[in-house]
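Student: If you scroll down you'll find the structure; I have some questions about it.
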Amino acid sequence: MCGRYKLEERWQEYCKAASFNWQDPPWPTPNPLKGSEEARPTDPMPIIRRNESGKLFPELRRWGFIMMVPGKTFDKATGEPKKIKRDVINAVSEKLTSSYMWKWSFKERRCLIPMSSWDEWPETGAGKHRVRVSMPAEPVFMAAGLFDENVHPKTGEKVSVFTMCTVPPNEFLGTVHDRAPMVLLRGQYSDWLDGGSAALALVGSHPDADAFEVKRV
């Protein structure tokens, strides 16, 4: 999946109209939970979680887990690869239960990521061009996500973060890209947030191809 998506400015109105079990957060005015014409990695964007009483509530988090991963240069003293900071914006759905990077967040910290579309730059004979993938029947839909609290390696600051689960898209989006958001249908939101076997059964799933529209931008 490419690192761009759109969220309609009035997305919260859609959530309320869709009969979500919704609880407005005590945000100041103006509300910081606004949408975006082009959300990018590291941008603060809204996610949706469930509180202890079962209600859904939105909050602002940074897009991308902050992780230290082995780089291409080596420490002369130890011979080990030097670690570098990486913003991990996508979680591979096939590895949610096996990868140490994801399994604890998948078990305990799942969320919904509201979006109106996402963009890709597929390779063609004439070079790359930008396309937008949306769901005409759903002006705001939800992707499966994970959230966590990370510590920034340079500042020591605790950062609230999220990442987006992805699936192979070839079956429903042709050759637009090699990964796509793990889009959930309305009836699947609770299962994802419930966790356990209900969430596990959704891993790798996606709506039918005819639910999506791909347009050149």
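Simple scheme: letters A, B, ... for chains in structure tokens order, numbers from 1 for residues in each chain, numbers from 1 for ligands in the order shown.
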So that I can check the surroundings of Gly204 (chain A), please list as a PyMOL selection string every protein, DNA and RNA residue that reaches within 7 Å of it, counting only C-alpha atoms and ignoring chain neighbours fewer than 5 positions away.

Tutor: chain A and resi 93-94+167+182

Student: Keeping N, CA and C atoms for every residue in the selection just given, could you write it to a file as a PDB file, in the first residue's frame?

Tutor:
ATOM      1  N   SER A  93      -0.747  -8.462   7.323  1.00  0.00           N
ATOM      2  CA  SER A  93      -1.768  -9.257   8.015  1.00  0.00           C
ATOM      3  C   SER A  93      -1.351 -10.716   8.189  1.00  0.00           C
ATOM      4  N   GLU A  94      -0.575 -11.244   7.228  1.00  0.00           N
ATOM      5  CA  GLU A  94      -0.165 -12.635   7.317  1.00  0.00           C
ATOM      6  C   GLU A  94       0.781 -12.898   8.485  1.00  0.00           C
ATOM      7  N   VAL A 167      -3.314  -6.292   3.264  1.00  0.00           N
ATOM      8  CA  VAL A 167      -3.531  -7.612   2.671  1.00  0.00           C
ATOM      9  C   VAL A 167      -3.042  -7.587   1.223  1.00  0.00           C
ATOM     10  N   MET A 182      -6.492  -3.451   4.876  1.00  0.00           N
ATOM     11  CA  MET A 182      -7.421  -4.512   5.241  1.00  0.00           C
ATOM     12  C   MET A 182      -8.751  -3.859   5.605  1.00  0.00           C
TER      13      MET A 182
END

Student: Applying 12 Å and only C-alpha atoms, which residues near Cys15 (chain A) remain after dropping the ones on its own chain fewer than 6 positions away? List them as a list in words.

Tutor: Glu8, Asn21, Trp22, Gln23, Asp24, Ile48, Leu56, Phe57, Pro58, Leu112, Ile113, Pro114, Met115, Glu138, Pro139, Val140, Phe141, Met142 and Arg186 of chain A

Student: Those selected residues, please, written with C-alpha atoms and delivered as a PDB file, in the first residue's frame.

Tutor:
ATOM      1  CA  GLU A   8     -13.606  13.444   4.687  1.00  0.00           C
ATOM      2  CA  ASN A  21     -22.171   3.135  19.622  1.00  0.00           C
ATOM      3  CA  TRP A  22     -20.444   6.494  19.679  1.00  0.00           C
ATOM      4  CA  GLN A  23     -19.093   8.652  22.475  1.00  0.00           C
ATOM      5  CA  ASP A  24     -17.857  12.148  21.672  1.00  0.00           C
ATOM      6  CA  ILE A  48     -11.384   4.658  16.700  1.00  0.00           C
ATOM      7  CA  LEU A  56     -16.458   3.671  20.492  1.00  0.00           C
ATOM      8  CA  PHE A  57     -14.427   6.822  20.786  1.00  0.00           C
ATOM      9  CA  PRO A  58     -12.008   8.626  18.453  1.00  0.00           C
ATOM     10  CA  LEU A 112     -10.393   1.077  13.372  1.00  0.00           C
ATOM     11  CA  ILE A 113      -8.903   3.610  10.955  1.00  0.00           C
ATOM     12  CA  PRO A 114     -11.535   5.766   9.215  1.00  0.00           C
ATOM     13  CA  MET A 115     -10.765   6.693   5.613  1.00  0.00           C
ATOM     14  CA  GLU A 138     -19.373   4.067   1.892  1.00  0.00           C
ATOM     15  CA  PRO A 139     -18.183   7.721   1.969  1.00  0.00           C
ATOM     16  CA  VAL A 140     -16.213   6.755   5.083  1.00  0.00           C
ATOM     17  CA  PHE A 141     -15.078   3.161   5.598  1.00  0.00           C
ATOM     18  CA  MET A 142     -12.835   1.479   8.144  1.00  0.00           C
ATOM     19  CA  ARG A 186     -19.739  -2.620   8.963  1.00  0.00           C
TER      20      ARG A 186
END

Student: I need the residues in region 53-149 of chain A that are strand (DSSP E) according to DSSP; give them as an MDAnalysis selection string.

Tutor: chainID A and resid 56:63 65:74 81:88 90:92 110:115 117:120 123:124 127:128 131:134 141:149

Student: Measure the distance from CA of Ala211 (chain A) to CA of Ser190 (chain A) in Å and round it to one decimal.

Tutor: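 Computing the Euclidean distance for CA of Ala211 (chain A) and CA of Ser190 (chain A) yields 20.3 Å.
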
Student: Find the spatial neighbours of region 117-133 of chain A, counting only C-alpha atoms, within a cut-off of 10 Å - ignore same-chain residues fewer than 4 positions away - and output them as a list of chain:residue names.

Tutor: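 Everything that qualifies: A:Met1, A:Cys2, A:Gly3, A:Arg4, A:Tyr5, A:Lys6, A:Leu7, A:Glu8, A:Glu37, A:Glu38, A:Ala39, A:Glu138, A:Pro139, A:Val140, A:Phe141, A:Leu173, A:Thr175, A:Val176, A:His177, A:Asp178, A:Arg179, A:Ala180, A:Pro181, A:Phe212, A:Glu213, A:Val214, A:Lys215, A:Arg216, A:Val217.
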
Student: Could you jot down the CA of Phe162 (chain A) to CA of Gly196 (chain A) separation for me, Å, one decimal place?

Tutor: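 Atom-to-atom, CA of Phe162 (chain A) and CA of Gly196 (chain A) are spaced 19.6 Å apart.
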
Student: Taking 5 positions as the minimum chain separation for residues in the same chain, which residues sit within 10 Å of His152 (chain A) when counting only C-alpha atoms? Answer as a VMD selection string.

Tutor: chain A and resid 65 to 68 85 157 to 159

Student: Counting only C-alpha atoms, figure out which residue out of A:Gly54, A:Gly145, A:Gly187, A:Pro153 gets nearest to Lys107 (chain A).

Tutor: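 Ranked by minimum distance to Lys107 (chain A), first place goes to A:Gly145.
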
Student: When you look at Met45 (chain A) with a cut-off of 7 Å (counting only C-alpha atoms), what residues show up, excluding the ones that are within fewer than 5 positions of it in the same chain? I need them as an MDAnalysis selection string.

Tutor: chainID A and resid 60:63

Student: Any chance you could export the current selection's N, CA and C atoms as a PDB file, in the first residue's frame?

Tutor:
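Okay, this is what ended up in again.pdb:
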ATOM      1  N   LEU A  60      -6.634  11.008  18.535  1.00  0.00           N
ATOM      2  CA  LEU A  60      -5.602  11.385  17.579  1.00  0.00           C
ATOM      3  C   LEU A  60      -4.310  10.637  17.887  1.00  0.00           C
ATOM      4  N   ARG A  61      -3.727   9.999  16.863  1.00  0.00           N
ATOM      5  CA  ARG A  61      -2.467   9.286  17.020  1.00  0.00           C
ATOM      6  C   ARG A  61      -1.590   9.499  15.791  1.00  0.00           C
ATOM      7  N   ARG A  62      -0.314   9.313  15.967  1.00  0.00           N
ATOM      8  CA  ARG A  62       0.674   9.477  14.895  1.00  0.00           C
ATOM      9  C   ARG A  62       0.663   8.223  14.016  1.00  0.00           C
ATOM     10  N   TRP A  63       0.614   8.428  12.682  1.00  0.00           N
ATOM     11  CA  TRP A  63       0.598   7.288  11.764  1.00  0.00           C
ATOM     12  C   TRP A  63       2.023   6.755  11.606  1.00  0.00           C
TER      13      TRP A  63
END

Student: Report, in Å with one decimal, the straight-line distance from CA of Asp87 (chain A) to CA of Trp192 (chain A).

Tutor: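 Those two atoms sit 23.9 Å apart.
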
Student: Please extract the residues of region 2-203 of chain A with a backbone DSSP assignment of helix (DSSP H, G or I) and present them as a ChimeraX atom specification.

Tutor: /A:11-17,93-95,103-108,170-173,186-194,196-200

Student: Please report, as a tab-separated table, each residue of region 42-126 of chain A lying at most 12 Å from region 199-203 of chain A, together with the nearest pair of atoms and the separation in Å rounded to one decimal; use only C-alpha atoms, and order rows by chain and ascending residue number.

Tutor:
residue	atom	partner	partner_atom	distance
A:Ala91	CA	A:Val203	CA	11.3
A:Val92	CA	A:Val203	CA	9.8
A:Ser93	CA	A:Val203	CA	6.0
A:Glu94	CA	A:Val203	CA	7.4
A:Lys95	CA	A:Val203	CA	9.6
A:Leu96	CA	A:Val203	CA	8.2
A:Thr97	CA	A:Leu200	CA	8.6
A:Lys103	CA	A:Leu200	CA	11.3
A:Phe106	CA	A:Ala199	CA	8.8
A:Lys107	CA	A:Ala199	CA	9.1
A:Glu108	CA	A:Ala199	CA	11.0
A:Arg109	CA	A:Ala199	CA	11.5
A:Arg110	CA	A:Ala199	CA	9.1
A:Cys111	CA	A:Ala199	CA	11.0

Student: Using only C-alpha atoms, determine which residues lie at most 6 Å from Thr163 (chain A), disregarding the query and same-chain residues fewer than 6 positions distant; provide the list as a PyMOL selection string.

Tutor: chain A and resi 64+89-90+145-146
